[in-house]
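Data file: target_39.pdb. Format and content: PDB, C-alpha atoms.
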ATOM      1  CA  MET F   1      23.692 -12.181 -49.855  1.00  0.00           C
ATOM      2  CA  GLY F   2      22.316 -10.307 -46.863  1.00  0.00           C
ATOM      3  CA  GLU F   3      18.916  -9.989 -45.285  1.00  0.00           C
ATOM      4  CA  VAL F   4      15.605  -9.952 -47.083  1.00  0.00           C
ATOM      5  CA  GLU F   5      12.745  -7.949 -45.645  1.00  0.00           C
ATOM      6  CA  LEU F   6       9.206  -8.690 -46.765  1.00  0.00           C
ATOM      7  CA  SER F   7       6.586  -5.949 -46.408  1.00  0.00           C
ATOM      8  CA  CYS F   8       3.041  -6.450 -45.174  1.00  0.00           C
ATOM      9  CA  ARG F   9       1.665  -5.500 -48.614  1.00  0.00           C
ATOM     10  CA  ALA F  10       3.846  -8.004 -50.475  1.00  0.00           C
ATOM     11  CA  TYR F  11       3.009 -10.903 -48.146  1.00  0.00           C
ATOM     12  CA  VAL F  12      -0.732 -10.208 -47.991  1.00  0.00           C
ATOM     13  CA  LYS F  13      -1.034 -10.057 -51.789  1.00  0.00           C
ATOM     14  CA  MET F  14       0.896 -13.317 -52.262  1.00  0.00           C
ATOM     15  CA  TYR F  15      -1.269 -14.986 -49.618  1.00  0.00           C
ATOM     16  CA  LEU F  16      -4.527 -13.722 -51.164  1.00  0.00           C
ATOM     17  CA  HIS F  17      -3.352 -14.772 -54.650  1.00  0.00           C
ATOM     18  CA  ALA F  18      -2.853 -18.342 -53.419  1.00  0.00           C
ATOM     19  CA  CYS F  19      -6.204 -18.295 -51.587  1.00  0.00           C
ATOM     20  CA  LEU F  20      -8.074 -16.981 -54.644  1.00  0.00           C
ATOM     21  CA  PHE F  21      -6.919 -19.959 -56.738  1.00  0.00           C
ATOM     22  CA  PRO F  22      -6.549 -22.742 -54.148  1.00  0.00           C
ATOM     23  CA  ARG F  23      -6.383 -25.620 -56.634  1.00  0.00           C
ATOM     24  CA  CYS F  24      -3.949 -23.938 -58.996  1.00  0.00           C
ATOM     25  CA  SER F  25      -0.262 -23.220 -59.102  1.00  0.00           C
ATOM     26  CA  ILE F  26       0.196 -19.446 -58.929  1.00  0.00           C
ATOM     27  CA  ASN F  27       3.165 -17.175 -59.440  1.00  0.00           C
ATOM     28  CA  GLY F  28       4.229 -13.554 -59.391  1.00  0.00           C
ATOM     29  CA  LEU F  29       7.049 -11.050 -59.221  1.00  0.00           C
ATOM     30  CA  LEU F  30       8.570  -9.458 -56.130  1.00  0.00           C
ATOM     31  CA  LEU F  31       9.290  -5.741 -56.339  1.00  0.00           C
ATOM     32  CA  SER F  32      11.379  -3.279 -54.392  1.00  0.00           C
ATOM     33  CA  SER F  33      11.293   0.486 -54.266  1.00  0.00           C
ATOM     34  CA  ASN F  34      14.467   0.446 -52.201  1.00  0.00           C
ATOM     35  CA  SER F  35      17.135  -1.990 -53.353  1.00  0.00           C
ATOM     36  CA  ALA F  36      20.131   0.094 -52.315  1.00  0.00           C
ATOM     37  CA  GLY F  37      22.439  -1.219 -49.615  1.00  0.00           C
ATOM     38  CA  GLY F  38      22.859  -4.765 -48.333  1.00  0.00           C
ATOM     39  CA  ALA F  39      19.300  -5.810 -47.507  1.00  0.00           C
ATOM     40  CA  VAL F  40      16.689  -6.512 -50.156  1.00  0.00           C
ATOM     41  CA  CYS F  41      13.392  -4.871 -49.156  1.00  0.00           C
ATOM     42  CA  VAL F  42      10.468  -6.505 -50.951  1.00  0.00           C
ATOM     43  CA  THR F  43       7.896  -3.721 -50.839  1.00  0.00           C
ATOM     44  CA  ASP F  44       5.267  -5.058 -53.265  1.00  0.00           C
ATOM     45  CA  CYS F  45       4.454  -7.913 -55.603  1.00  0.00           C
ATOM     46  CA  VAL F  46       2.682  -8.366 -58.930  1.00  0.00           C
ATOM     47  CA  PRO F  47       0.530 -11.507 -59.143  1.00  0.00           C
ATOM     48  CA  LEU F  48       1.076 -13.055 -62.587  1.00  0.00           C
ATOM     49  CA  LEU F  49      -0.554 -16.352 -63.467  1.00  0.00           C
ATOM     50  CA  HIS F  50      -2.863 -19.043 -62.124  1.00  0.00           C
ATOM     51  CA  SER F  51      -2.826 -21.305 -65.171  1.00  0.00           C
ATOM     52  CA  HIS F  52      -0.250 -22.491 -67.706  1.00  0.00           C
ATOM     53  CA  LEU F  53       2.695 -21.301 -65.582  1.00  0.00           C
ATOM     54  CA  PRO F  54       5.345 -22.714 -67.947  1.00  0.00           C
ATOM     55  CA  LEU F  55       3.861 -20.889 -70.963  1.00  0.00           C
ATOM     56  CA  ALA F  56       6.837 -18.766 -72.029  1.00  0.00           C
ATOM     57  CA  PRO F  57       5.140 -16.121 -74.262  1.00  0.00           C
ATOM     58  CA  ILE F  58       2.690 -15.019 -71.547  1.00  0.00           C
ATOM     59  CA  THR F  59       5.463 -14.918 -68.939  1.00  0.00           C
ATOM     60  CA  GLN F  60       7.678 -12.869 -71.245  1.00  0.00           C
ATOM     61  CA  LEU F  61       4.825 -10.453 -71.992  1.00  0.00           C
ATOM     62  CA  ALA F  62       4.127 -10.041 -68.276  1.00  0.00           C
ATOM     63  CA  LEU F  63       7.811  -9.520 -67.411  1.00  0.00           C
ATOM     64  CA  THR F  64       8.150  -6.862 -70.102  1.00  0.00           C
ATOM     65  CA  GLN F  65       5.015  -4.960 -69.000  1.00  0.00           C
ATOM     66  CA  VAL F  66       5.928  -5.123 -65.318  1.00  0.00           C
ATOM     67  CA  ASP F  67       9.453  -3.949 -66.121  1.00  0.00           C
ATOM     68  CA  VAL F  68       8.113  -0.903 -67.989  1.00  0.00           C
ATOM     69  CA  TRP F  69       5.705  -0.100 -65.136  1.00  0.00           C
ATOM     70  CA  CYS F  70       8.527  -0.457 -62.590  1.00  0.00           C
ATOM     71  CA  SER F  71      10.729   1.996 -64.474  1.00  0.00           C
ATOM     72  CA  GLN F  72       7.837   4.503 -64.413  1.00  0.00           C
ATOM     73  CA  THR F  73       7.231   4.044 -60.673  1.00  0.00           C
ATOM     74  CA  GLN F  74      10.849   3.881 -59.408  1.00  0.00           C
ATOM     75  CA  GLN F  75      10.653   0.185 -58.573  1.00  0.00           C
ATOM     76  CA  ARG F  76      12.557  -2.859 -59.756  1.00  0.00           C
ATOM     77  CA  ILE F  77      11.938  -6.599 -59.985  1.00  0.00           C
ATOM     78  CA  VAL F  78      13.982  -8.303 -57.244  1.00  0.00           C
ATOM     79  CA  GLY F  79      12.508 -11.787 -57.116  1.00  0.00           C
ATOM     80  CA  TYR F  80       9.878 -14.343 -57.978  1.00  0.00           C
ATOM     81  CA  TYR F  81       7.239 -16.188 -55.958  1.00  0.00           C
ATOM     82  CA  GLN F  82       5.261 -19.342 -56.612  1.00  0.00           C
ATOM     83  CA  ALA F  83       2.823 -21.682 -54.863  1.00  0.00           C
ATOM     84  CA  ASN F  84       2.381 -25.174 -56.280  1.00  0.00           C
ATOM     85  CA  ALA F  85      -1.035 -26.745 -56.852  1.00  0.00           C
ATOM     86  CA  CYS F  86      -0.004 -29.667 -54.636  1.00  0.00           C
ATOM     87  CA  VAL F  87      -0.065 -28.120 -51.128  1.00  0.00           C
ATOM     88  CA  SER F  88       2.488 -30.561 -49.741  1.00  0.00           C
ATOM     89  CA  ASP F  89       5.036 -29.578 -52.391  1.00  0.00           C
ATOM     90  CA  SER F  90       6.938 -26.337 -51.877  1.00  0.00           C
ATOM     91  CA  SER F  91       9.897 -27.227 -54.108  1.00  0.00           C
ATOM     92  CA  PRO F  92      10.794 -24.878 -56.970  1.00  0.00           C
ATOM     93  CA  THR F  93       9.683 -26.243 -60.335  1.00  0.00           C
ATOM     94  CA  PRO F  94      11.792 -25.954 -63.518  1.00  0.00           C
ATOM     95  CA  CYS F  95       9.530 -23.023 -64.484  1.00  0.00           C
ATOM     96  CA  ALA F  96      10.253 -21.247 -61.169  1.00  0.00           C
ATOM     97  CA  LEU F  97      14.005 -21.763 -61.548  1.00  0.00           C
ATOM     98  CA  LYS F  98      13.954 -20.532 -65.136  1.00  0.00           C
ATOM     99  CA  ILE F  99      12.131 -17.272 -64.325  1.00  0.00           C
ATOM    100  CA  ALA F 100      14.222 -16.699 -61.195  1.00  0.00           C
ATOM    101  CA  ASP F 101      17.377 -17.195 -63.288  1.00  0.00           C
ATOM    102  CA  LYS F 102      16.132 -14.563 -65.718  1.00  0.00           C
ATOM    103  CA  ILE F 103      15.513 -12.091 -62.889  1.00  0.00           C
ATOM    104  CA  SER F 104      18.944 -12.769 -61.358  1.00  0.00           C
ATOM    105  CA  GLU F 105      20.560 -11.736 -64.659  1.00  0.00           C
ATOM    106  CA  GLN F 106      19.217  -8.233 -64.011  1.00  0.00           C
ATOM    107  CA  PHE F 107      19.472  -8.189 -60.210  1.00  0.00           C
ATOM    108  CA  ASP F 108      22.352 -10.003 -58.470  1.00  0.00           C
ATOM    109  CA  ASN F 109      20.592 -10.472 -55.124  1.00  0.00           C
ATOM    110  CA  ALA F 110      17.354 -11.843 -56.589  1.00  0.00           C
ATOM    111  CA  VAL F 111      15.316 -14.157 -54.366  1.00  0.00           C
ATOM    112  CA  LEU F 112      13.074 -17.109 -55.151  1.00  0.00           C
ATOM    113  CA  LEU F 113      10.197 -17.478 -52.702  1.00  0.00           C
ATOM    114  CA  MET F 114       7.975 -20.553 -52.496  1.00  0.00           C
ATOM    115  CA  LEU F 115       4.717 -20.444 -50.521  1.00  0.00           C
ATOM    116  CA  ASP F 116       4.240 -23.556 -48.393  1.00  0.00           C
ATOM    117  CA  GLY F 117       0.613 -24.544 -48.992  1.00  0.00           C
ATOM    118  CA  SER F 118       0.603 -26.967 -46.053  1.00  0.00           C
ATOM    119  CA  LYS F 119       1.149 -24.038 -43.668  1.00  0.00           C
ATOM    120  CA  MET F 120      -1.162 -21.463 -45.241  1.00  0.00           C
ATOM    121  CA  SER F 121      -3.872 -21.407 -42.559  1.00  0.00           C
ATOM    122  CA  SER F 122      -4.416 -17.960 -41.075  1.00  0.00           C
ATOM    123  CA  ASP F 123      -3.607 -19.178 -37.544  1.00  0.00           C
ATOM    124  CA  TYR F 124      -0.185 -20.544 -38.498  1.00  0.00           C
ATOM    125  CA  ARG F 125       2.412 -18.985 -36.240  1.00  0.00           C
ATOM    126  CA  VAL F 126       5.304 -18.494 -38.664  1.00  0.00           C
ATOM    127  CA  PRO F 127       5.296 -17.162 -42.248  1.00  0.00           C
ATOM    128  CA  PRO F 128       4.530 -20.071 -44.641  1.00  0.00           C
ATOM    129  CA  ILE F 129       7.411 -19.240 -46.942  1.00  0.00           C
ATOM    130  CA  VAL F 130      10.549 -21.000 -48.130  1.00  0.00           C
ATOM    131  CA  MET F 131      13.176 -18.735 -49.650  1.00  0.00           C
ATOM    132  CA  TYR F 132      16.075 -19.506 -51.954  1.00  0.00           C
ATOM    133  CA  GLU F 133      19.078 -17.462 -53.014  1.00  0.00           C
ATOM    134  CA  ARG F 134      21.402 -17.978 -55.961  1.00  0.00           C
ATOM    135  CA  LYS F 135      24.934 -19.092 -55.159  1.00  0.00           C
ATOM    136  CA  ASP F 136      27.436 -20.410 -57.688  1.00  0.00           C
ATOM    137  CA  SER F 137      24.765 -20.813 -60.397  1.00  0.00           C
ATOM    138  CA  ARG F 138      22.468 -22.808 -58.094  1.00  0.00           C
ATOM    139  CA  TRP F 139      19.403 -21.886 -56.040  1.00  0.00           C
ATOM    140  CA  LEU F 140      20.013 -22.849 -52.409  1.00  0.00           C
ATOM    141  CA  LEU F 141      17.808 -22.612 -49.326  1.00  0.00           C
ATOM    142  CA  LYS F 142      18.278 -19.302 -47.569  1.00  0.00           C
ATOM    143  CA  ASP F 143      18.904 -19.169 -43.834  1.00  0.00           C
ATOM    144  CA  LYS F 144      15.501 -18.353 -42.349  1.00  0.00           C
ATOM    145  CA  HIS F 145      17.138 -16.076 -39.784  1.00  0.00           C
ATOM    146  CA  THR F 146      18.003 -13.665 -42.607  1.00  0.00           C
ATOM    147  CA  ILE F 147      14.341 -13.356 -43.680  1.00  0.00           C
ATOM    148  CA  MET F 148      12.443 -10.612 -41.912  1.00  0.00           C
ATOM    149  CA  LEU F 149       8.733  -9.990 -41.868  1.00  0.00           C
ATOM    150  CA  ARG F 150       8.286  -7.111 -39.460  1.00  0.00           C
ATOM    151  CA  GLN F 151       4.984  -7.029 -37.544  1.00  0.00           C
ATOM    152  CA  TRP F 152       4.223 -10.642 -38.534  1.00  0.00           C
ATOM    153  CA  GLU F 153       1.298 -10.951 -36.110  1.00  0.00           C
ATOM    154  CA  GLU F 154      -0.368  -7.847 -37.573  1.00  0.00           C
ATOM    155  CA  THR F 155       0.395  -8.930 -41.139  1.00  0.00           C
ATOM    156  CA  ARG F 156      -1.077 -12.391 -40.492  1.00  0.00           C
ATOM    157  CA  ALA F 157      -4.177 -10.809 -38.938  1.00  0.00           C
ATOM    158  CA  ILE F 158      -4.669  -8.477 -41.921  1.00  0.00           C
ATOM    159  CA  ALA F 159      -4.328 -11.378 -44.371  1.00  0.00           C
ATOM    160  CA  GLY F 160      -6.880 -13.428 -42.415  1.00  0.00           C
ATOM    161  CA  GLN F 161      -9.267 -10.489 -42.071  1.00  0.00           C
ATOM    162  CA  MET F 162      -9.175  -9.724 -45.804  1.00  0.00           C
ATOM    163  CA  LEU F 163      -9.759 -13.364 -46.706  1.00  0.00           C
ATOM    164  CA  GLU F 164     -12.682 -13.586 -44.290  1.00  0.00           C
ATOM    165  CA  SER F 165     -14.331 -10.437 -45.658  1.00  0.00           C
ATOM    166  CA  GLY F 166     -13.921 -11.614 -49.257  1.00  0.00           C
ATOM    167  CA  ASP F 167     -11.406  -8.910 -50.195  1.00  0.00           C
ATOM    168  CA  HIS F 168      -9.216 -11.531 -51.892  1.00  0.00           C
ATOM    169  CA  THR F 169     -11.679 -11.332 -54.801  1.00  0.00           C
ATOM    170  CA  LEU F 170     -10.390  -7.779 -55.441  1.00  0.00           C
ATOM    171  CA  LEU F 171      -7.017  -9.218 -56.430  1.00  0.00           C
ATOM    172  CA  VAL F 172      -6.229  -9.143 -60.151  1.00  0.00           C
ATOM    173  CA  ASP F 173      -3.394 -11.197 -61.568  1.00  0.00           C
ATOM    174  CA  PHE F 174      -1.949 -10.804 -65.060  1.00  0.00           C
ATOM    175  CA  ASP F 175      -3.933 -13.841 -66.214  1.00  0.00           C
ATOM    176  CA  SER F 176      -7.223 -12.166 -65.250  1.00  0.00           C
ATOM    177  CA  HIS F 177      -6.084  -8.915 -66.864  1.00  0.00           C
ATOM    178  CA  LEU F 178      -5.491 -10.732 -70.184  1.00  0.00           C
ATOM    179  CA  ASP F 179      -9.065 -12.074 -69.978  1.00  0.00           C
ATOM    180  CA  ASP F 180     -10.418  -8.573 -69.282  1.00  0.00           C
ATOM    181  CA  ILE F 181      -7.988  -5.712 -69.929  1.00  0.00           C
ATOM    182  CA  THR F 182     -10.088  -3.272 -67.877  1.00  0.00           C
ATOM    183  CA  LYS F 183      -8.893  -5.115 -64.758  1.00  0.00           C
ATOM    184  CA  ASP F 184      -5.923  -3.465 -63.027  1.00  0.00           C
ATOM    185  CA  TRP F 185      -3.015  -5.885 -62.500  1.00  0.00           C
ATOM    186  CA  THR F 186      -1.187  -3.253 -60.405  1.00  0.00           C
ATOM    187  CA  ASN F 187      -3.965  -3.756 -57.802  1.00  0.00           C
ATOM    188  CA  GLN F 188      -4.194  -0.151 -56.619  1.00  0.00           C
ATOM    189  CA  LYS F 189      -7.598  -0.776 -54.998  1.00  0.00           C
ATOM    190  CA  LEU F 190      -6.232  -3.711 -53.010  1.00  0.00           C
ATOM    191  CA  ASN F 191      -3.087  -1.766 -52.051  1.00  0.00           C
ATOM    192  CA  THR F 192      -5.261   0.997 -50.593  1.00  0.00           C
ATOM    193  CA  LYS F 193      -7.290  -1.526 -48.603  1.00  0.00           C
ATOM    194  CA  ILE F 194      -4.140  -3.131 -47.150  1.00  0.00           C
ATOM    195  CA  ALA F 195      -2.711   0.304 -46.299  1.00  0.00           C
ATOM    196  CA  GLU F 196      -5.922   1.242 -44.464  1.00  0.00           C
ATOM    197  CA  LEU F 197      -5.849  -1.928 -42.379  1.00  0.00           C
ATOM    198  CA  ALA F 198      -2.128  -1.540 -41.655  1.00  0.00           C
ATOM    199  CA  SER F 199      -2.324   2.137 -40.722  1.00  0.00           C
ATOM    200  CA  PRO F 200      -1.420   3.269 -37.174  1.00  0.00           C
ATOM    201  CA  ALA F 201      -5.034   4.439 -36.789  1.00  0.00           C
ATOM    202  CA  ASN F 202      -6.031   0.782 -36.704  1.00  0.00           C
ATOM    203  CA  GLY F 203      -3.404  -0.045 -34.146  1.00  0.00           C
ATOM    204  CA  ASN F 204      -0.944  -1.525 -36.629  1.00  0.00           C
ATOM    205  CA  ILE F 205       2.288  -0.221 -38.059  1.00  0.00           C
TER     206      ILE F 205
END
Structure re-expressed in structure tokens:
Amino acid sequence: MGEVELSCRAYVKMYLHACLFPRCSINGLLLSSNSAGGAVCVTDCVPLLHSHLPLAPITQLALTQVDVWCSQTQQRIVGYYQANACVSDSSPTPCALKIADKISEQFDNAVLLMLDGSKMSSDYRVPPIVMYERKDSRWLLKDKHTIMLRQWEETRAIAGQMLESGDHTLLVDFDSHLDDITKDWTNQKLNTKIAELASPANGNI
């Protein structure tokens, strides 16, 4: 498997999801609008749950809905992310492996991304992520030199700025949507905010 590129939008939303529910395990799906060629470009993510992660019916419902939405928006599910409630533990849980396996049945180059809670502070110099790829029916650590997060300094600054200004409260995961179906789990409002902060007009790419 080749390189994986993580967009500013995808990283910021994962980071804000973890910050919104700091004492919970959280998970979500990684999406790509461009999965042609060797590299996997993760362009967006859909935050899923912050409670009862192993609950299969809710996960299946979420996967089905996200899949339908992706087919309508020319995107596809290319991976899975999770942060564990215990900040010092960034190992994939059986639940993470099970969902990642399911995704890899549909997409050969699927990735499993764990957020490292012990390195989540906004001044941390490298992305707090641990990535796995599937080889010979097992999920193995991916070489960090094949993981790209372009404009990391700007991305880190945007994530910190949004957390500081309380914008993380705009984030809606699938869990919250099930509690109140008027809430938009595609997070268009948050996407717009990230795009504004990342625009060249603000000195970022």
Applied to the shown file, which residues does the PyMOL selection byres ((chain F and resi 172-177) around 8) return, written as an MDAnalysis selection string?
chainID F and resid 17 46:51 62 169:171 178:187
Residues near Ala18 in chain F, anyone? I mean within 9 Å using only C-alpha atoms, not counting same-chain ones fewer than 4 positions away, as number ranges by chain.
F: 13-14, 22-27, 50, 82-83, 115, 117, 120
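Distances to Gln161 in chain F were evaluated for F:Lys98, F:Lys193, F:Arg76, F:Arg125 using all atoms listed in the file, and the minimum falls at F:Lys193.
Of the listed residues (F:Thr155, F:Phe21, F:Lys142, F:Asp101), F:Thr155 comes nearest to Ala195 in chain F; the distances count all atoms listed in the file.
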Of the candidates F:Gln65, F:Thr146, F:Ser104, F:Gln188, which shows the shortest atom-to-atom distance to Tyr80 in chain F, using only C-alpha atoms?
F:Ser104
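The space between CA of Asp67 in chain F and CA of Asn191 in chain F spans 19.0 Å.
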